[in-house]
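J.: Dropping the structure in here first, questions after.
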Amino acid sequence: MKGNVKKSIVTRIRLAFLGVCLFSIAIVWKVTQVQFNEGARWRALEQERRVVYQPVFATRGNIFASDGRSIMATSLPFYRVAWDPSVVNDALFSQKKDSLALLLSRFFGDRSTQEYLRRLKNAKSGKVRYLRLNSRQINFQEKKELAQWPIFRAGKNKGGVIFEKVDKRFRPFGGLAQRTIGFVNEDKNGAGLEFTFNRHLAGKDGEALFERVPGGNKPIYDGTEVKPQPGFDIKTTLDINLQDVAENALYKSLVDNDAQYGCVILMEVKTGEIRAVANLGKVADGVYREDYNYAIADQGRTEPGSTFKLASMMALFEDNPKLELTDTVNTGNTGMMKIAGAVKTDTHPNGRIPIQKVIEQSSNIGVAKLINDHFSAKPEKYTDYLKTFGLDKPLGFQMAGEARPYIKDPRDRSWSRTSLSTMSIGYELKLAPLQTLAFYNAIANDGVKIEPIIVREIRQADKVLESYEARVLNPKICSESTLLKMQSMLKGVVLNGSARGIRTDGYSIAGKTGTAWKFKNGHYTRMYSTSFCGYFPADEPKYSCIVVIDSPRRGRIYGGTVAAPVFREVADKAMARDAASLRPLLARAPVAKSRVPFVQAGMQDELSLVFTQLGVSHNGVTGTDDWVRTKADAESASLALKPMAVRPGRVPNVQGLTLRDALFLLENRGLRVRSYGTGRVKTQSVTAGTTARRGTTIVLQMEPIGGTPAPVVLPTPEPDPAAEARTPRTAARPSPDTKRAAAAKKTAAGPKKATAAVKSAARPKV
């Protein structure tokens, strides 16, 4: 019995051993087949999969302010550093590896010299073809420094150094107009100008051959690469100074009233060009950011309240031309009246008052009674007038994301007996602030309704590829007689009505206050949306403006005391600046004429190209100097180019450079830049040649080409007693940093403001 068991086990072991041997023979046979008979095919397939074409991204275009010089968004080049040891000669590597490891350790500071030396040796001995030396991205000046190091100085073909370019988007003015400038994410989604004009800004990507190697993709320069085409620049209508004024005025009001969000839009009446658009939303107590475009998009589309009463009165006068502003309406003596099944209230009883005073006092009862009495038998006629005014359609604004207005129609299932009188005072309908402003702008523009614009030109360098002007949406929004009545009522609101707190003797304002209950969870709450919309100067309008402050929480709930003061502050600064620009220039020494262009400094390649195109004689600089200064010889109409010292790790001398060139040099050294004025750099706060410490702020004083104009001192508008009595002063509620806010206000009052600096001073850092 035991012998049979033993025999069975031995038999099984032999069979298993035989199976393993047969399997091993099969593996050896298959490996031989793959290696020798099919090897060429598999190697070709592996090579095909290892070498691929990949896009080389184009440099994104710039976004300029209306002056064409102030850069609101630009792209700066940064680089990743990699190394291909397979192309480095063994003798060169053996001789210079220690020096290279020491420099890498000192520069990046993340590994010791021995660790870097070990990485270099392992990559070389392991025949690695791509080694990412460090994840940190370096700037252009650092790239030039690394290119001169041992081994690296032999270039990419013999030294193996690989600089992979990465463009980073940079905003010289920080968060100024941040939401309007917008963004584009990796999925090509986004908001603002960056997203809307992405096809212009993005340029055309190139293509190059890359080899897939462990650690990343190594570029192969075989002559088949397609160079990327840089994106076009866009020139906006935004005025940097007025944008800064609008944002600071809005910010102070939001903090002072503990409001939820707010927006300001300032537009030129005749051209429709938007000079400022500010949006700020609450992210924490006392902290506001540009988190959404409330001025244009859906979240800012709300029931406008009393600012809509003007559209109702325009419909009334258009349908009854014989009606006069002196005609009266009985609003009762209790401040309450039931109209078409709904109770309408006023802040105080008015009794029988003329129509002019109905708008001046913003009487809900007066407007609702007039509209209901005239249109109750034909409500569709009222809504048809609103559609004639263009209030039911989007404006077709240049920037993506415009909200679609909602005007209720008698044919809608939601129409009720109370809808007509409720709509007449700005409820049961929705408009975005920009759409309300376009309607008021038409009244200021002698009845011509135009489409607001925010982008004026698409440019390629100095060549204009596309230009834009405001389209006429309605050549005559109403009759001439109705228009005069509308203008008279709006002037009366500021002179005698609900906005008399912002009346000024320096210039005239016309506009309308708005206060609307907020609709939430199916019913109206005790939270309010306040607004003021109008134009100035009232007699010869140049600007129209709307201010919306949502959900103020500190007792002030009316448009006249919350939103109107912001309008007044923006208007004061705009009028002061215009007055300064219209003053005759003070006498100054005559500027000597020259036959050569006014150039002080810049990049040698760019200046040489410009001089060649202009036919200006010039001599180049031998060597590798990228930055040069010029010396003009007016008699011979020639320019001499002299090298400009730019030392790694040192603050460069940027005097004479344009702001863009100065930003490039300074930001690449980790310095923070604040600029004052426009033109070229006149002075810099940090002495050239000192050590560039990352995070240090350097202030640049700019001067226009041709010299610095004499300063103009503007008179301070005298305070209006009525305004002081009704409008709470900002000074009575100091912000957490009163001195910085006061300094920002003082700077913003001048004809030339340090936009980025004021913005930083007026808001706490978050």
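Letters A, B, ... mark the chains of the structure tokens in the order given; residue numbers begin at 1 per chain; ligand numbers begin at 1, in order shown.
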DSSP on the backbone: which residues in range 325-476 of chain A end up as strand (DSSP E or B)? Give the answer as an MDAnalysis selection string.

T.: chainID A and resid 328:330 336:339 342:345 352:354 406:407 429:431 449:450 453 455:460 463:467 472:474

J.: Might you pull out every residue within 12 Å of Lys270 in chain A, with only C-alpha atoms counted and same-chain residues fewer than 4 positions away left off, and present them as a list in words?

T.: Ile274, Ala438, Asn441, Ala442, Ile443, Ala444, Asn445, Asp446, Gly447, Val448, Lys449, Ile450, Glu451, Pro452, Ile453, Glu469, Ala470, Arg471, Val472, Tyr535, Glu540, Pro541, Lys542, Tyr543 and Ser544 of chain A

J.: Considering only C-alpha atoms, state which residue in the set A:Glu303, A:Glu569, A:Asp256, A:Asp373 is at the smallest distance from Gly286 in chain A.

T.: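 Using only C-alpha atoms, the shortest distance to Gly286 in chain A belongs to A:Asp256.
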
J.: Name the residues of range 477-535 of chain A that come out as alpha helix (DSSP H) in a backbone DSSP run; write them as a ChimeraX atom specification.

T.: /A:480-495

J.: Please produce a file of the residues just selected, as a PDB file, in the first residue's frame, where the atoms kept are C-alpha atoms.

T.:
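The resulting file, out_7.pdb, is reproduced below:
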```pdb
ATOM      1  CA  GLU A 480     -39.344 114.709 -28.947  1.00  0.00           C
ATOM      2  CA  SER A 481     -42.031 116.012 -26.596  1.00  0.00           C
ATOM      3  CA  THR A 482     -41.916 112.854 -24.479  1.00  0.00           C
ATOM      4  CA  LEU A 483     -38.121 113.006 -24.389  1.00  0.00           C
ATOM      5  CA  LEU A 484     -38.148 116.570 -23.022  1.00  0.00           C
ATOM      6  CA  LYS A 485     -40.588 115.526 -20.301  1.00  0.00           C
ATOM      7  CA  MET A 486     -38.403 112.573 -19.306  1.00  0.00           C
ATOM      8  CA  GLN A 487     -35.326 114.792 -19.081  1.00  0.00           C
ATOM      9  CA  SER A 488     -37.214 117.350 -16.993  1.00  0.00           C
ATOM     10  CA  MET A 489     -38.380 114.717 -14.507  1.00  0.00           C
ATOM     11  CA  LEU A 490     -34.875 113.265 -14.107  1.00  0.00           C
ATOM     12  CA  LYS A 491     -33.412 116.697 -13.417  1.00  0.00           C
ATOM     13  CA  GLY A 492     -36.144 117.307 -10.854  1.00  0.00           C
ATOM     14  CA  VAL A 493     -35.282 114.121  -8.957  1.00  0.00           C
ATOM     15  CA  VAL A 494     -31.850 115.565  -8.109  1.00  0.00           C
ATOM     16  CA  LEU A 495     -32.913 119.194  -7.715  1.00  0.00           C
TER      17      LEU A 495
END
```
